[in-house]
$ cat start30.cif   # mmCIF, C-alpha atoms
data_run
#
loop_
_atom_site.label_atom_id
_atom_site.label_comp_id
_atom_site.auth_asym_id
_atom_site.auth_seq_id
_atom_site.Cartn_x
_atom_site.Cartn_y
_atom_site.Cartn_z
CA MET Q 1 111.40 183.98 29.69
CA ARG Q 2 110.57 183.14 26.09
CA GLU Q 3 110.50 179.54 24.91
CA ILE Q 4 111.44 177.90 21.63
CA VAL Q 5 111.57 174.30 20.49
CA LEU Q 6 114.95 173.00 19.33
CA VAL Q 7 114.78 170.30 16.67
CA THR Q 8 117.83 168.04 17.08
CA THR Q 9 118.82 164.66 18.43
CA ASN Q 10 122.42 165.75 19.03
CA LYS Q 11 123.00 166.12 22.79
CA ALA Q 12 126.21 168.15 22.43
CA LYS Q 13 124.52 170.55 20.01
CA THR Q 14 121.61 170.88 22.45
CA GLU Q 15 124.01 171.72 25.29
CA GLU Q 16 125.79 174.39 23.24
CA ILE Q 17 122.59 176.06 22.01
CA THR Q 18 120.85 175.87 25.40
CA ASP Q 19 123.86 177.44 27.12
CA LEU Q 20 124.03 180.26 24.61
CA LEU Q 21 120.29 181.04 24.52
CA SER Q 22 120.04 181.11 28.30
CA HIS Q 23 122.02 184.39 28.15
CA TYR Q 24 119.17 185.83 26.06
CA GLN Q 25 116.41 184.62 28.40
CA ILE Q 26 115.28 182.04 25.86
CA GLN Q 27 114.36 178.66 27.26
CA VAL Q 28 114.92 175.62 25.03
CA LYS Q 29 112.58 172.64 24.83
CA LEU Q 30 113.44 169.65 22.66
CA ALA Q 31 111.15 168.52 19.85
CA ALA Q 32 109.82 165.02 19.58
CA GLU Q 33 109.85 165.40 15.79
CA GLU Q 34 112.96 164.59 13.79
CA LYS Q 35 113.93 166.93 11.00
CA LEU Q 36 113.90 165.84 7.39
CA GLU Q 37 117.34 166.34 5.89
CA ILE Q 38 117.77 166.63 2.14
CA GLN Q 39 121.11 166.28 0.39
CA SER Q 40 122.39 169.58 -0.93
CA HIS Q 41 125.62 171.53 -1.29
CA ASP Q 42 123.91 174.51 0.39
CA LEU Q 43 123.38 174.50 4.17
CA LYS Q 44 120.72 177.21 3.88
CA GLU Q 45 118.71 175.05 1.49
CA ILE Q 46 118.99 172.09 3.90
CA VAL Q 47 117.67 174.02 6.91
CA ARG Q 48 115.00 175.84 4.89
CA TYR Q 49 113.63 172.56 3.60
CA ALA Q 50 113.69 170.94 7.04
CA ALA Q 51 112.03 173.96 8.69
CA ALA Q 52 109.31 174.13 6.02
CA ASP Q 53 108.62 170.42 6.46
CA LEU Q 54 107.95 170.97 10.19
CA VAL Q 55 105.30 173.69 9.69
CA GLY Q 56 102.12 172.42 11.31
CA LYS Q 57 103.94 169.58 13.09
CA ILE Q 58 105.35 171.75 15.88
CA ALA Q 59 103.06 174.34 17.48
CA LYS Q 60 105.61 176.61 19.14
CA PRO Q 61 108.32 178.68 17.48
CA TYR Q 62 111.15 176.33 16.58
CA LEU Q 63 114.82 176.40 15.73
CA LEU Q 64 117.03 173.96 13.88
CA GLU Q 65 120.64 174.02 12.77
CA ASP Q 66 122.89 172.30 10.28
CA ALA Q 67 126.64 172.67 9.96
CA GLY Q 68 129.59 171.39 8.02
CA LEU Q 69 133.37 171.38 7.93
CA PHE Q 70 134.70 172.86 4.69
CA VAL Q 71 138.37 171.96 4.10
CA ASP Q 72 140.23 174.27 1.70
CA ALA Q 73 142.61 171.61 0.31
CA LEU Q 74 139.62 169.37 -0.42
CA ASN Q 75 137.65 172.04 -2.31
CA GLY Q 76 135.21 172.42 0.59
CA PHE Q 77 134.73 168.70 1.24
CA PRO Q 78 133.11 167.29 3.35
CA GLY Q 79 130.92 170.41 3.70
CA PRO Q 80 127.25 169.59 4.25
CA TYR Q 81 128.12 165.89 4.12
CA SER Q 82 130.23 166.16 7.28
CA SER Q 83 128.00 163.96 9.42
CA TYR Q 84 128.13 161.13 6.89
CA VAL Q 85 131.89 161.52 6.37
CA PHE Q 86 132.44 161.55 10.14
CA LYS Q 87 130.45 158.31 10.49
CA THR Q 88 132.31 156.61 7.62
CA VAL Q 89 135.95 157.78 7.76
CA GLY Q 90 136.00 159.83 10.95
CA VAL Q 91 138.58 162.25 12.23
CA GLN Q 92 141.45 159.93 11.35
CA GLY Q 93 140.21 159.64 7.77
CA ILE Q 94 140.32 163.41 7.24
CA LEU Q 95 143.77 163.54 8.86
CA ALA Q 96 144.97 160.75 6.54
CA ILE Q 97 143.61 162.53 3.47
CA LEU Q 98 145.44 165.71 4.50
CA ALA Q 99 148.69 163.96 5.48
CA GLY Q 100 151.59 165.95 4.06
CA SER Q 101 149.37 168.77 2.79
CA PRO Q 102 150.74 172.22 3.63
CA ASN Q 103 147.24 173.69 3.17
CA ARG Q 104 145.43 173.11 6.46
CA GLY Q 105 142.91 175.94 6.07
CA ALA Q 106 139.29 175.12 6.83
CA GLU Q 107 136.09 176.58 8.13
CA PHE Q 108 133.04 175.40 9.95
CA ARG Q 109 129.80 176.87 8.58
CA SER Q 110 126.44 176.91 10.31
CA ALA Q 111 122.94 177.68 9.13
CA VAL Q 112 120.21 178.20 11.72
CA ALA Q 113 116.55 178.26 10.72
CA PHE Q 114 113.85 179.76 12.93
CA HIS Q 115 110.13 179.52 12.29
CA SER Q 116 107.14 181.03 14.03
CA ASP Q 117 103.64 181.71 12.78
CA ARG Q 118 104.25 185.42 13.34
CA THR Q 119 107.57 185.78 11.51
CA GLY Q 120 107.58 182.90 9.08
CA LEU Q 121 110.96 181.40 8.27
CA LYS Q 122 114.24 183.20 8.96
CA VAL Q 123 117.74 181.80 8.32
CA PHE Q 124 120.98 182.94 9.94
CA GLU Q 125 124.44 181.88 8.73
CA ALA Q 126 127.89 182.13 10.27
CA VAL Q 127 131.45 180.91 9.75
CA ALA Q 128 134.39 180.07 12.00
CA ARG Q 129 137.69 180.13 10.07
CA GLY Q 130 140.58 178.03 11.26
CA LYS Q 131 142.83 175.14 10.37
CA ILE Q 132 142.98 171.39 10.62
CA ALA Q 133 145.34 170.24 13.37
CA SER Q 134 148.02 167.65 12.61
CA HIS Q 135 146.41 165.21 15.05
CA ALA Q 136 143.25 164.95 17.15
CA LEU Q 137 143.26 166.80 20.47
CA GLY Q 138 140.62 166.94 23.21
CA THR Q 139 137.62 164.93 24.27
CA GLY Q 140 134.82 167.53 24.28
CA GLY Q 141 132.43 168.54 21.57
CA PHE Q 142 131.51 166.16 18.75
CA GLY Q 143 132.23 165.36 15.13
CA PHE Q 144 135.35 167.01 13.77
CA ASP Q 145 135.87 169.22 16.85
CA PRO Q 146 139.10 167.35 17.84
CA ILE Q 147 140.88 168.47 14.65
CA PHE Q 148 139.55 172.02 14.16
CA VAL Q 149 141.53 174.94 15.61
CA PRO Q 150 139.66 178.24 15.16
CA ASP Q 151 141.65 181.34 14.18
CA GLU Q 152 140.06 183.12 17.11
CA GLY Q 153 140.89 181.76 20.53
CA SER Q 154 143.87 180.29 22.30
CA GLY Q 155 145.08 177.76 19.73
CA LYS Q 156 142.97 174.92 21.16
CA THR Q 157 140.77 172.62 19.13
CA PHE Q 158 137.03 172.91 19.72
CA ALA Q 159 137.25 169.54 21.52
CA GLN Q 160 139.70 171.03 24.03
CA MET Q 161 137.30 173.83 24.94
CA SER Q 162 134.50 173.93 27.48
CA VAL Q 163 131.02 174.66 26.11
CA PRO Q 164 131.15 178.36 27.17
CA GLU Q 165 134.61 178.77 25.58
CA LYS Q 166 133.56 177.08 22.34
CA ASN Q 167 130.48 179.32 22.30
CA ARG Q 168 132.77 182.35 22.11
CA TYR Q 169 134.26 181.21 18.78
CA SER Q 170 132.12 178.60 17.04
CA HIS Q 171 130.18 178.93 13.83
CA ARG Q 172 127.06 177.56 15.53
CA ALA Q 173 127.27 180.03 18.39
CA LYS Q 174 127.73 182.93 15.97
CA ALA Q 175 124.63 181.92 13.98
CA VAL Q 176 122.54 181.25 17.11
CA ARG Q 177 123.69 184.59 18.56
CA MET Q 178 122.56 186.32 15.34
CA PHE Q 179 119.14 184.71 15.77
CA ALA Q 180 118.95 185.61 19.48
CA GLU Q 181 119.89 189.25 18.88
CA TRP Q 182 117.39 189.54 16.04
CA SER Q 183 114.78 187.91 18.26
CA ALA Q 184 115.48 190.18 21.23
CA GLY Q 185 115.63 193.29 19.11
CA SER Q 186 112.25 192.78 17.53
CA ASP Q 187 110.55 190.45 20.03
CA ASN Q 188 110.02 187.94 17.25
CA THR Q 189 109.73 184.76 19.29
#

$ encode --input "start30.cif" --output "structure tokens"
Amino acid sequence: MREIVLVTTNKAKTEEITDLLSHYQIQVKLAAEEKLEIQSHDLKEIVRYAAADLVGKIAKPYLLEDAGLFVDALNGFPGPYSSYVFKTVGVQGILAILAGSPNRGAEFRSAVAFHSDRTGLKVFEAVARGKIASHALGTGGFGFDPIFVPDEGSGKTFAQMSVPEKNRYSHRAKAVRMFAEWSAGSDNT
């Protein structure tokens, strides 16, 4: 079994990524280092910068991820600022902003960065299209999961899904799966 270091302090994100990578015979260890997060409108730029900052600080191949909720009616807001917006206005704040709006389209985007001495830096991106629910549903997941209903799936919010079910449809799982398939196909870890 191959091993990579996951750079995150988010327990729910760790659970999702660990579950998914176990299907590819990749074992996940958590990093003691915290990632440096710049402010940018581009998720790829955020993860590239964070991954480059960790070169030499983490010996093993490592993986990190950043994501955001991009709401159509809000011109892509909160996007890469989703964590901050969640902490300040939360799920109810986004629902209040969208109250009465017929445009509920949205997407979650994920950018995953992988670094090893052998391969250098690789970035994988994915999207899950969906809509914003009229009210919060479910207790699983984290962040804006209780209000996001992916187009794929059974009409549940991410927060209503188990980790394996969410991993069938989520932006994060799609990006991590892209990494894992690239890694398995070329033995790059």

$ resolve_selection --input "start30.cif" --expression "the PyMOL selection byres ((chain Q and resi 112) around 7)" --output "PDB file with C-alpha atoms, in the coordinates of the input"
ATOM      1  CA  VAL Q  47     117.670 174.020   6.910  1.00  0.00           C
ATOM      2  CA  LEU Q  63     114.820 176.400  15.730  1.00  0.00           C
ATOM      3  CA  LEU Q  64     117.030 173.960  13.880  1.00  0.00           C
ATOM      4  CA  GLU Q  65     120.640 174.020  12.770  1.00  0.00           C
ATOM      5  CA  ASP Q  66     122.890 172.300  10.280  1.00  0.00           C
ATOM      6  CA  SER Q 110     126.440 176.910  10.310  1.00  0.00           C
ATOM      7  CA  ALA Q 111     122.940 177.680   9.130  1.00  0.00           C
ATOM      8  CA  ALA Q 113     116.550 178.260  10.720  1.00  0.00           C
ATOM      9  CA  PHE Q 114     113.850 179.760  12.930  1.00  0.00           C
ATOM     10  CA  VAL Q 123     117.740 181.800   8.320  1.00  0.00           C
ATOM     11  CA  PHE Q 124     120.980 182.940   9.940  1.00  0.00           C
ATOM     12  CA  GLU Q 125     124.440 181.880   8.730  1.00  0.00           C
ATOM     13  CA  ALA Q 175     124.630 181.920  13.980  1.00  0.00           C
ATOM     14  CA  VAL Q 176     122.540 181.250  17.110  1.00  0.00           C
TER      15      VAL Q 176
END

$ resolve_selection --input "start30.cif" --expression "the PyMOL selection byres ((chain Q and resi 97) around 12)" --output "ChimeraX atom specification"
/Q:71,73-74,77-78,89-96,98-101,103-104,132,134

$ resolve_selection --input "start30.cif" --expression "the PyMOL selection byres ((chain Q and resi 158-161) around 9)" --output "ChimeraX atom specification"
/Q:136-142,144-150,156-157,162-166,169-170

$ atom_distance --input "start30.cif" --atom1 "atom CA of Q:Ala52" --atom2 "atom CA of Q:Thr14"
20.8 Å

$ closest_residue --input "start30.cif" --among "Q:Ala51, Q:Lys13, Q:Ala180, Q:Pro61" --to "Q:Ile38" --atoms "only C-alpha atoms"
Q:Ala51

$ atom_distance --input "start30.cif" --atom1 "atom CA of Q:Phe70" --atom2 "atom CA of Q:Glu107"
5.3 Å

$ residues_around --input "start30.cif" --residues "Q:Glu33" --least-positions-apart "5" --cutoff "12 Å" --atoms "all atoms listed in the file" --output "list in words"
Val5, Leu6, Val7, Thr8, Thr9, Ala50, Ala51, Asp53, Leu54, Val55, Gly56, Lys57, Ile58, Ala59, Tyr62 and Leu64 of chain Q

$ atom_distance --input "start30.cif" --atom1 "atom CA of Q:Ser83" --atom2 "atom CA of Q:Thr119"
30.0 Å

$ closest_residue --input "start30.cif" --among "Q:Gly155, Q:Lys60, Q:Glu181, Q:Tyr81" --to "Q:Glu37" --atoms "all atoms listed in the file"
Q:Tyr81

$ closest_residue --input "start30.cif" --among "Q:Ala106, Q:Leu21, Q:Met178, Q:Leu121" --to "Q:Gly68" --atoms "all atoms listed in the file"
Q:Ala106

$ closest_residue --input "start30.cif" --among "Q:Lys11, Q:Arg168, Q:Arg48, Q:Lys174" --to "Q:Val127" --atoms "only C-alpha atoms"
Q:Lys174

$ closest_residue --input "start30.cif" --among "Q:Asn10, Q:Asn75, Q:Ala128, Q:Asp151" --to "Q:Glu34" --atoms "only C-alpha atoms"
Q:Asn10

$ closest_residue --input "start30.cif" --among "Q:Trp182, Q:Arg177, Q:Lys122, Q:Ile46" --to "Q:Ile17" --atoms "all atoms listed in the file"
Q:Arg177
